[in-house]
Each structure stands twice: as C-alpha cells, then as structure tokens.
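Participant: Pasting target26.cif below, which is mmCIF, C-alpha atoms.
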data_coords
loop_
_atom_site.label_atom_id
_atom_site.label_comp_id
_atom_site.auth_asym_id
_atom_site.auth_seq_id
_atom_site.Cartn_x
_atom_site.Cartn_y
_atom_site.Cartn_z
CA MET A 4 1.99 14.50 -4.06
CA THR A 5 3.72 11.17 -4.58
CA GLN A 6 4.67 12.21 -8.10
CA GLU A 7 6.28 15.36 -6.73
CA TRP A 8 8.43 13.26 -4.40
CA ILE A 9 9.44 10.91 -7.22
CA SER A 10 10.32 13.90 -9.40
CA SER A 11 12.53 15.23 -6.62
CA LEU A 12 14.70 12.12 -6.93
CA ALA A 13 15.67 12.88 -10.53
CA PRO A 14 18.45 15.29 -9.48
CA GLN A 15 19.82 12.44 -7.35
CA GLY A 16 20.16 10.33 -10.48
CA LEU A 17 16.94 8.31 -10.57
CA ALA A 18 16.18 7.25 -14.14
CA ALA A 19 12.86 8.30 -15.65
CA ASP A 20 11.61 4.71 -15.50
CA GLY A 21 12.82 4.27 -11.90
CA SER A 22 15.17 1.44 -12.87
CA ASP A 23 18.34 2.78 -11.28
CA PHE A 24 20.28 5.75 -9.94
CA GLY A 25 22.84 5.58 -12.74
CA ALA A 26 24.98 2.63 -11.64
CA VAL A 27 23.01 -0.59 -12.04
CA ALA A 28 25.92 -2.98 -11.41
CA GLU A 29 26.91 -1.21 -8.16
CA GLU A 30 23.31 -1.08 -6.99
CA LEU A 31 22.84 -4.81 -7.58
CA VAL A 32 25.96 -5.67 -5.57
CA ALA A 33 24.79 -3.36 -2.80
CA ALA A 34 21.37 -5.05 -2.78
CA ARG A 35 23.11 -8.39 -2.28
CA ASP A 36 25.66 -7.29 0.32
CA ALA A 37 24.47 -4.14 2.12
CA ALA A 38 21.51 -2.06 3.24
CA VAL A 39 19.59 -0.43 0.39
CA VAL A 40 16.45 1.66 -0.11
CA ALA A 41 14.40 1.85 -3.29
CA PRO A 42 11.55 4.10 -4.44
CA LEU A 43 8.91 1.62 -5.61
CA THR A 44 7.64 3.68 -8.50
CA ASP A 45 6.12 0.70 -10.32
CA LEU A 46 3.64 -0.07 -7.53
CA GLY A 47 0.37 1.59 -6.62
CA LEU A 48 -2.38 1.38 -4.03
CA ILE A 49 -6.12 0.79 -3.97
CA ARG A 50 -7.94 1.95 -0.84
CA ALA A 51 -11.02 0.02 0.29
CA SER A 52 -13.13 1.80 2.90
CA GLY A 53 -16.59 1.38 4.39
CA ALA A 54 -18.40 -0.87 6.84
CA ASP A 55 -18.36 -3.86 4.47
CA ALA A 56 -14.77 -3.49 3.23
CA ALA A 57 -13.37 -6.53 5.05
CA GLY A 58 -16.16 -8.88 4.02
CA PHE A 59 -16.17 -7.55 0.47
CA LEU A 60 -12.46 -8.32 0.01
CA HIS A 61 -12.71 -11.59 1.91
CA ASN A 62 -15.33 -12.85 -0.55
CA LEU A 63 -13.24 -11.98 -3.60
CA LEU A 64 -9.63 -12.87 -2.75
CA THR A 65 -7.72 -16.09 -2.12
CA ASN A 66 -6.69 -15.34 1.47
CA ASP A 67 -8.44 -14.68 4.79
CA ILE A 68 -8.98 -10.91 4.74
CA ASN A 69 -11.30 -10.94 7.76
CA GLY A 70 -8.34 -12.15 9.78
CA ILE A 71 -6.10 -9.17 9.00
CA THR A 72 -5.44 -7.27 12.22
CA PRO A 73 -4.04 -3.72 12.50
CA GLY A 74 -0.65 -5.30 13.20
CA GLY A 75 -0.60 -7.67 10.24
CA ALA A 76 -0.56 -7.87 6.45
CA ARG A 77 -1.44 -10.63 4.02
CA PHE A 78 -0.66 -11.64 0.47
CA ALA A 79 -3.67 -12.59 -1.68
CA GLY A 80 -4.72 -13.19 -5.25
CA PHE A 81 -7.75 -12.21 -7.31
CA CYS A 82 -8.80 -14.94 -9.76
CA THR A 83 -11.12 -15.43 -12.67
CA PRO A 84 -13.92 -17.98 -12.23
CA LYS A 85 -11.53 -20.46 -13.88
CA GLY A 86 -9.00 -19.95 -11.10
CA ARG A 87 -6.54 -17.92 -13.19
CA LEU A 88 -4.84 -15.02 -11.43
CA LEU A 89 -5.70 -11.49 -12.50
CA ALA A 90 -3.67 -9.81 -9.75
CA LEU A 91 -1.64 -10.34 -6.60
CA PHE A 92 -1.99 -7.91 -3.70
CA LEU A 93 -0.16 -7.16 -0.49
CA ILE A 94 -2.94 -6.04 1.87
CA TRP A 95 -2.83 -4.30 5.22
CA ARG A 96 -5.02 -2.05 7.33
CA GLU A 97 -4.80 1.69 7.83
CA GLY A 98 -7.31 2.50 10.53
CA ASP A 99 -10.64 1.07 9.35
CA ASP A 100 -9.51 1.03 5.71
CA PHE A 101 -7.59 -1.58 3.74
CA LEU A 102 -4.71 -0.76 1.41
CA LEU A 103 -4.04 -3.10 -1.52
CA MET A 104 -0.64 -2.81 -3.19
CA LEU A 105 -0.20 -4.04 -6.78
CA PRO A 106 1.73 -3.16 -9.96
CA ARG A 107 0.66 0.14 -11.48
CA ASP A 108 0.32 -1.33 -14.95
CA ILE A 109 -2.75 -3.33 -13.90
CA LEU A 110 -4.15 -1.03 -11.21
CA PRO A 111 -6.76 0.85 -13.31
CA ALA A 112 -8.19 -2.36 -14.75
CA MET A 113 -8.25 -4.08 -11.34
CA LEU A 114 -9.91 -1.09 -9.69
CA LYS A 115 -12.61 -1.22 -12.37
CA LYS A 116 -12.97 -5.00 -12.04
CA LEU A 117 -13.27 -4.93 -8.25
CA SER A 118 -15.76 -2.05 -8.46
CA MET A 119 -18.08 -4.25 -10.53
CA TYR A 120 -18.59 -6.46 -7.46
CA VAL A 121 -19.54 -3.65 -5.05
CA LEU A 122 -23.25 -3.57 -5.93
CA ARG A 123 -25.07 -2.71 -2.68
CA SER A 124 -22.10 -3.33 -0.37
CA LYS A 125 -21.05 -0.45 1.83
CA VAL A 126 -17.64 -0.21 0.22
CA LYS A 127 -15.76 2.56 -1.54
CA LEU A 128 -12.77 1.80 -3.72
CA LYS A 129 -10.34 4.39 -5.04
CA ASP A 130 -6.85 4.78 -6.43
CA ALA A 131 -4.76 5.86 -3.43
CA THR A 132 -1.38 5.80 -5.17
CA GLY A 133 -0.93 9.52 -4.72
CA GLU A 134 -1.52 9.34 -0.96
CA ARG A 135 1.44 7.20 0.03
CA ALA A 136 5.09 6.99 -0.97
CA LEU A 137 6.13 3.34 -1.24
CA ILE A 138 9.76 2.64 -0.36
CA GLY A 139 11.52 -0.70 -0.15
CA TYR A 140 14.26 -1.33 2.41
CA SER A 141 16.53 -4.38 2.46
CA ALA A 142 19.46 -5.46 4.60
CA PRO A 143 21.25 -8.84 4.74
CA ALA A 144 21.46 -10.72 8.02
CA ALA A 145 24.87 -9.22 8.80
CA VAL A 146 23.48 -5.66 8.72
CA SER A 147 21.18 -4.50 11.53
CA PRO A 148 18.12 -2.60 10.23
CA THR A 149 17.41 -1.04 13.63
CA PRO A 150 19.36 2.25 13.19
CA THR A 151 17.52 2.93 9.93
CA LEU A 152 14.02 1.60 10.55
CA GLY A 153 13.73 1.86 14.32
CA GLU A 154 13.26 -0.90 16.89
CA ALA A 155 9.55 -1.52 16.27
CA ALA A 156 9.95 -2.13 12.54
CA ALA A 157 13.19 -4.08 12.88
CA ALA A 158 11.61 -6.46 15.40
CA LEU A 159 8.57 -7.31 13.27
CA ALA A 160 7.79 -10.88 12.30
CA ARG A 161 7.04 -11.60 8.67
CA PHE A 162 3.91 -9.77 7.49
CA GLY A 163 3.94 -7.74 10.69
CA VAL A 164 2.97 -4.05 10.51
CA ALA A 165 4.24 -1.26 12.76
CA ALA A 166 3.85 2.50 12.90
CA VAL A 167 7.02 4.38 11.93
CA GLU A 168 7.85 8.02 11.46
CA GLY A 169 5.61 9.27 8.66
CA GLY A 170 3.61 6.09 8.10
CA GLN A 171 3.77 2.31 8.39
CA ALA A 172 6.36 -0.43 7.94
CA ILE A 173 5.52 -3.97 6.78
CA ARG A 174 8.06 -6.76 7.04
CA LEU A 175 8.07 -8.80 3.82
CA ASP A 176 10.62 -11.50 4.69
CA ASP A 177 13.94 -12.00 6.47
CA THR A 178 15.70 -9.16 4.65
CA ARG A 179 13.03 -6.86 3.15
CA TRP A 180 10.60 -4.26 4.48
CA LEU A 181 8.01 -2.05 2.80
CA LEU A 182 7.51 1.53 4.01
CA ALA A 183 4.18 3.20 3.18
CA LEU A 184 4.73 6.85 4.07
CA ASP A 185 2.66 10.00 3.96
CA ALA A 186 3.56 11.62 0.64
CA ALA A 187 4.08 14.99 2.34
CA THR A 188 6.88 13.61 4.53
CA ALA A 189 8.48 11.27 1.99
CA ALA A 190 11.31 13.59 0.97
CA SER A 191 12.57 14.17 4.51
CA ARG A 192 12.20 10.50 5.41
CA TRP A 193 14.12 9.54 2.27
CA GLN A 194 17.03 11.69 3.39
CA GLN A 195 17.07 9.90 6.74
CA LEU A 196 16.97 6.48 5.10
CA THR A 197 19.74 7.21 2.62
CA ALA A 198 22.05 8.37 5.40
CA THR A 199 22.61 4.69 6.29
CA ALA A 200 21.41 2.79 3.18
CA LYS A 201 22.37 3.07 -0.50
CA PRO A 202 19.69 4.29 -2.90
CA VAL A 203 18.87 1.73 -5.58
CA GLY A 204 16.32 1.55 -8.36
CA LEU A 205 13.71 -0.99 -9.39
CA ALA A 206 16.23 -3.28 -11.09
CA ALA A 207 17.92 -4.04 -7.76
CA TRP A 208 14.64 -4.27 -5.83
CA GLN A 209 13.12 -6.66 -8.37
CA TRP A 210 16.22 -8.84 -8.15
CA LEU A 211 15.69 -9.00 -4.39
CA GLU A 212 12.09 -10.01 -5.01
CA ILE A 213 13.19 -12.80 -7.35
CA ALA A 214 15.86 -13.97 -4.89
CA ALA A 215 13.10 -14.23 -2.26
CA GLY A 216 10.95 -16.31 -4.63
CA GLN A 217 8.13 -13.77 -4.40
CA PRO A 218 5.89 -13.81 -7.50
CA ARG A 219 4.04 -10.92 -9.08
CA VAL A 220 1.39 -10.70 -11.80
CA VAL A 221 1.70 -7.98 -14.46
CA ALA A 222 -0.37 -7.20 -17.54
CA ALA A 223 1.54 -9.70 -19.67
CA THR A 224 0.89 -12.59 -17.26
CA GLN A 225 -2.72 -12.03 -16.25
CA GLU A 226 -4.76 -15.25 -16.51
CA ALA A 227 -1.56 -17.28 -17.09
CA PHE A 228 -1.33 -18.97 -13.69
CA VAL A 229 -3.43 -20.60 -11.00
CA PRO A 230 -2.18 -19.79 -7.47
CA GLN A 231 -0.34 -23.07 -6.93
CA MET A 232 1.72 -22.50 -10.08
CA LEU A 233 3.19 -19.45 -8.31
CA ASN A 234 3.81 -21.39 -5.06
CA MET A 235 1.16 -19.29 -3.34
CA GLU A 236 -0.16 -22.03 -1.09
CA LEU A 237 3.28 -22.70 0.39
CA PRO A 238 3.93 -21.15 3.83
CA ALA A 239 6.86 -19.14 2.46
CA VAL A 240 4.53 -17.26 0.08
CA ALA A 241 1.32 -17.63 2.13
CA GLY A 242 -1.20 -16.30 -0.36
CA VAL A 243 -4.04 -18.84 -0.13
CA SER A 244 -6.39 -19.94 2.64
CA PHE A 245 -8.21 -23.25 2.20
CA SER A 246 -10.57 -22.67 5.12
CA LYS A 247 -12.04 -19.25 4.32
CA GLY A 248 -14.91 -20.18 2.02
CA CYS A 249 -15.84 -19.24 -1.53
CA TYR A 250 -14.31 -16.68 -3.87
CA PRO A 251 -14.08 -16.51 -7.68
CA GLY A 252 -12.10 -19.54 -8.86
CA GLN A 253 -12.12 -21.18 -5.42
CA GLU A 254 -13.44 -24.50 -6.75
CA ILE A 255 -10.57 -24.80 -9.23
CA VAL A 256 -7.95 -23.79 -6.66
CA ALA A 257 -9.31 -26.27 -4.08
CA ARG A 258 -9.59 -29.09 -6.61
CA THR A 259 -6.00 -28.51 -7.69
CA GLN A 260 -4.95 -28.74 -4.05
CA TYR A 261 -6.90 -31.77 -2.93
CA LEU A 262 -7.77 -33.84 -5.99
CA GLY A 263 -5.05 -33.10 -8.49
CA LYS A 264 -1.32 -32.80 -8.58
CA VAL A 265 0.43 -29.51 -9.19
CA LYS A 266 2.35 -30.11 -12.40
CA ARG A 267 3.87 -26.65 -12.71
CA ARG A 268 5.77 -24.71 -10.07
CA THR A 269 7.70 -21.46 -9.97
CA PHE A 270 11.48 -21.83 -9.92
CA ARG A 271 14.38 -19.39 -9.88
CA ALA A 272 16.81 -19.43 -12.79
CA ARG A 273 19.69 -17.57 -14.40
CA LEU A 274 19.93 -16.50 -18.04
CA ALA A 275 22.52 -14.55 -19.99
CA THR A 276 20.15 -12.30 -21.95
CA ALA A 277 16.99 -10.56 -20.86
CA ALA A 278 13.56 -12.15 -21.25
CA VAL A 279 10.16 -10.60 -20.65
CA PRO A 280 7.36 -11.67 -18.31
CA GLY A 281 5.02 -14.01 -20.13
CA ALA A 282 7.70 -15.36 -22.49
CA HIS A 283 7.11 -19.07 -23.07
CA VAL A 284 9.63 -21.72 -22.09
CA TYR A 285 10.17 -25.09 -23.75
CA ALA A 286 11.66 -28.51 -23.00
CA PRO A 287 12.72 -31.38 -25.30
CA GLU A 288 9.95 -33.64 -24.00
CA THR A 289 7.26 -31.11 -24.90
CA GLY A 290 8.61 -30.30 -28.38
CA ASP A 291 6.97 -27.25 -29.94
CA GLN A 292 4.48 -26.98 -27.09
CA HIS A 293 5.54 -24.61 -24.33
CA CYS A 294 5.83 -26.00 -20.81
CA GLY A 295 5.58 -22.75 -18.86
CA ALA A 296 6.28 -19.03 -18.86
CA VAL A 297 8.56 -16.41 -17.35
CA VAL A 298 6.97 -14.76 -14.29
CA SER A 299 9.46 -11.94 -13.65
CA VAL A 300 13.02 -11.03 -14.60
CA ALA A 301 15.74 -8.65 -13.38
CA PRO A 302 19.48 -8.06 -13.79
CA SER A 303 21.65 -10.12 -11.44
CA PRO A 304 24.59 -8.96 -9.28
CA ALA A 305 26.45 -11.98 -10.65
CA GLY A 306 26.00 -10.71 -14.20
CA GLY A 307 23.33 -11.52 -16.74
CA PHE A 308 19.80 -11.87 -15.47
CA GLU A 309 17.72 -13.89 -13.05
CA CYS A 310 14.08 -14.81 -13.35
CA LEU A 311 11.21 -16.59 -11.72
CA VAL A 312 9.77 -19.05 -14.20
CA CYS A 313 6.66 -21.21 -13.93
CA VAL A 314 7.45 -24.53 -15.59
CA GLN A 315 6.50 -28.18 -15.55
CA ILE A 316 8.25 -29.93 -12.68
CA GLY A 317 9.24 -32.83 -14.90
CA ALA A 318 11.05 -30.52 -17.31
CA VAL A 319 13.09 -29.03 -14.47
CA GLU A 320 13.92 -32.51 -13.16
CA ALA A 321 15.06 -33.48 -16.65
CA GLY A 322 17.37 -30.46 -16.53
CA GLU A 323 16.76 -28.78 -19.87
CA VAL A 324 14.45 -25.77 -20.28
CA HIS A 325 14.79 -23.11 -22.99
CA VAL A 326 13.41 -19.56 -23.15
CA GLY A 327 11.50 -18.10 -26.09
CA ALA A 328 11.76 -21.09 -28.43
CA PRO A 329 12.62 -24.81 -28.29
CA ALA A 330 16.17 -23.88 -29.32
CA GLY A 331 16.32 -20.70 -27.22
CA GLU A 332 18.69 -19.97 -24.37
CA ARG A 333 18.91 -22.73 -21.78
CA LEU A 334 18.03 -21.77 -18.23
CA LYS A 335 20.36 -22.52 -15.33
CA PHE A 336 18.22 -23.23 -12.27
CA LEU A 337 19.12 -21.68 -8.92
CA PRO A 338 17.92 -22.53 -5.40
CA LEU A 339 14.94 -20.78 -3.85
CA PRO A 340 15.06 -19.74 -0.18
CA TYR A 341 12.22 -22.14 0.64
CA GLU A 342 11.28 -25.76 0.11
CA MET A 343 8.54 -26.87 -2.28
CA THR A 344 6.69 -29.38 -0.13
#
Produce structure tokens that represent the structure in this file.
Facilitator:
Amino acid sequence: MTQEWISSLAPQGLAADGSDFGAVAEELVAARDAAVVAPLTDLGLIRASGADAAGFLHNLLTNDINGITPGGARFAGFCTPKGRLLALFLIWREGDDFLLMLPRDILPAMLKKLSMYVLRSKVKLKDATGERALIGYSAPAAVSPTPTLGEAAAALARFGVAAVEGGQAIRLDDTRWLLALDAATAASRWQQLTATAKPVGLAAWQWLEIAAGQPRVVAATQEAFVPQMLNMELPAVAGVSFSKGCYPGQEIVARTQYLGKVKRRTFRARLATAAVPGAHVYAPETGDQHCGAVVSVAPSPAGGFECLVCVQIGAVEAGEVHVGAPAGERLKFLPLPYEMT
C-alpha cells in the first residue's frame, strides 16, 4: 500500500527516484527557510514482535533498547564483532512491537543478518515497509509546526513520540519530525500537510539531515566506521550506551571510548561537485593514504553540495582535505549544530 501512495505523488511532480518535485533549487531554499514535507522513499522499516523482542534488540544494538518507552525513540547501531557499523536504526515502539527504520538499500541484508541471531528467542522479524508511509516534516525556529502537526507532536522533546492523526510522530531534533502513518491514510494526510508546508524530495531532506549532523550508513559505507567516528556517543547524536552491557563489537567500542583516543570524527563540509558516500578523502600529511571517507552528500541551498565526512581530526585542524584523490577537490569545512566534546 505504501507503493501505491508513493505512485500517487508522481502526478504532483515527484521524480521516479524521489529526489525532488521538479524544482530542486527552490526546494532546498524552502528546506532552509520554511516548512517542508518530504516522502521518505529511501527508508524502510523492520518490525520486531514477540515476548523477547526488547531483550533481543538490546543484546544486539549499541543503545539501551530495554529503556525505550511508548513515548520515546532511540538511535542505535548494529556492529560487526570488530565494532564496525553495519547499520544505523531509529527505533520506537508501536504497541508491543518495535519498528526499526533504516535505508532501504541495506534493509534486506540487515533483516537476514538480524534473523540469524533469533535462534530460540520468541521474536519475529519482518519487512514492514509496506505498512507505514514515512514522511519527514521540517520547520525553522521562526515557523510554528503546531498548525501542521498538532499540539502534541509540536510539543515533543527530542526523540519523543506522540500519536497523531493516522499514526505516530517522532521528533528528531529542533527542526525535524518523522511521521510514520498508516499507508491507507497517507494520501489524505499528505494533502493536509501540504496545505501549510511545501513538498520537497529526498535531496532537500538529506541536506537537512547533513545540516543536523545526523549520520547514516548505506551499502557503500557498511563496515567503514566505528560508532565514535560518526559522533554517535555524543549527546547530540545519542546512539551509544556505555552502561547497557554486551553486544557485538561492544569491547572495541568501549575500548575506543575509555582507553584510546578518537582520531577520526564526522564533520560537515561544502564541495562544488558531487561526491558519493564511501569516497575516500586525503590530506597532505597522509600522502597517498586516505584519511577518511564521505558519509553522506546532498545538494546545498547555497549552491554546490554539502557532505558529512569522517576524517582524521588532525587533517581538519591542518585545514586541507581533498576528496577522491590527493589532488582532488578541497573541502571547505562548515560548523555543525553541536560541539564535539
């Protein structure tokens, strides 16, 4: 049913790949300056149900899943035994079940991987992408979200969850919300949302994600990063608990936190030409050896592109980092909305 709703947006101008509604530059400016709504066609859902669902996820992921209440959501990673991230999830509850949101390009493989751990646990995992329409809403501080989202959703704290017409709303940060709606009501709810907010595609929404400093893991970047490289232990990202006990890769993640020093961090940067997630970056002091990789990239309302890039801190401090090759385009670093402490 979700696919039917997405198909219904084509006459409104939505590109086949969901990137835009036909006017990328206008949509990017609107995302920066006004209220916007976006169909999140690149994201999917895994549903975990059963008596052992909470404990099952808690024992596999980097955050405290047992502590998720019906009114809250959490960000968490799934690592290899070597502490390298295979996926990042936004997780919340729907009744007794848990919904895990992640990029569609890695969903089938992650569903299979998680299923390998079920064994005798009373847990059922399934692809629930078709059950819910995922819509992003964003509004800058000067624009009140209340008329569009309703008082309950507008008043949420970060990672708070509230019931809204047709489903649930999750507040992602100061300016962004996620709506997970019943697929059968998505079309009518979309009409209500677009009465007060401009429709935008994935290009604009992914720029908002980059501006918020929110990382994602896609097929090209699986096993490229440990959580701290993506700033996940910082309160602004809040994707790791150091008090929850063991999970795959936990020893590496804990040792990095307590015994080592994080040498690579994720920064925000501007570039004139597009790069792709996973593209290596270089610095003069590392020569032909790369010193990091692009995490995500999107067009910018200021022109060109912006990206999140995981790179050696020393290279950023030195001020010269190049994309794709030692002599590739030089990145211009931009501020993140949070401190790296």
Participant: Mind telling me what the PyMOL selection byres ((chain A and resi 89) around 9) catches here, as a PyMOL selection string?
Facilitator: chain A and resi 80-83+87-88+90-91+109+113+220-222+224-228
Participant: How about saving the chosen residues, C-alpha atoms kept, as a CSV table (one decimal), keeping the file's coordinate frame?
Facilitator:
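This is the output file again_0.csv:
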chain,number,residue,atom,x,y,z
A,80,GLY,CA,-4.7,-13.2,-5.2
A,81,PHE,CA,-7.8,-12.2,-7.3
A,82,CYS,CA,-8.8,-14.9,-9.8
A,83,THR,CA,-11.1,-15.4,-12.7
A,87,ARG,CA,-6.5,-17.9,-13.2
A,88,LEU,CA,-4.8,-15.0,-11.4
A,90,ALA,CA,-3.7,-9.8,-9.8
A,91,LEU,CA,-1.6,-10.3,-6.6
A,109,ILE,CA,-2.8,-3.3,-13.9
A,113,MET,CA,-8.2,-4.1,-11.3
A,220,VAL,CA,1.4,-10.7,-11.8
A,221,VAL,CA,1.7,-8.0,-14.5
A,222,ALA,CA,-0.4,-7.2,-17.5
A,224,THR,CA,0.9,-12.6,-17.3
A,225,GLN,CA,-2.7,-12.0,-16.2
A,226,GLU,CA,-4.8,-15.2,-16.5
A,227,ALA,CA,-1.6,-17.3,-17.1
A,228,PHE,CA,-1.3,-19.0,-13.7
Participant: Since I can't run it myself right now, could you work out what the PyMOL selection byres ((chain A and resi 150-165) around 12) selects here and report it as a ChimeraX atom specification?
Facilitator: /A:38-40,71-78,93-97,138-142,144,146-149,166-184,192-201,238-242
Participant: With the file shown as input, list the residues that the PyMOL selection byres ((chain A and resi 255) around 12) selects, as a PyMOL selection string.
Facilitator: chain A and resi 65+82-88+228-231+245+249-254+256-263+265
Participant: With a distance cut-off of 8 Å and all atoms listed in the file, select the neighbouring residues of Ala301 in chain A, excluding the residue or stretch itself and same-chain residues fewer than 4 positions from it, and output the selection as a PyMOL selection string.
Facilitator: chain A and resi 206-207+209-210+213+277+308-310
Participant: Between A:Met232, A:Leu339, A:Val126, A:Val27, which has the minimum distance to Pro302 in chain A (counting all atoms listed in the file)?
Facilitator: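 That would be A:Val27, the residue with the smallest distance to Pro302 in chain A.
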Participant: Taking into account all atoms listed in the file, which residue in the set A:Gly53, A:Leu64, A:Ala187, A:Gly290 is nearest to Arg123 in chain A?
Facilitator: A:Gly53
Participant: Output, as lines of an AutoDock Vina configuration file, the centre and edge lengths in Å (one decimal) of the axis-aligned box that contains all listed atoms of range 162-165 of chain A with 5 Å of margin on each side.
Facilitator:
center_x = 3.6
center_y = -5.5
center_z = 10.1
size_x = 11.3
size_y = 18.5
size_z = 15.3
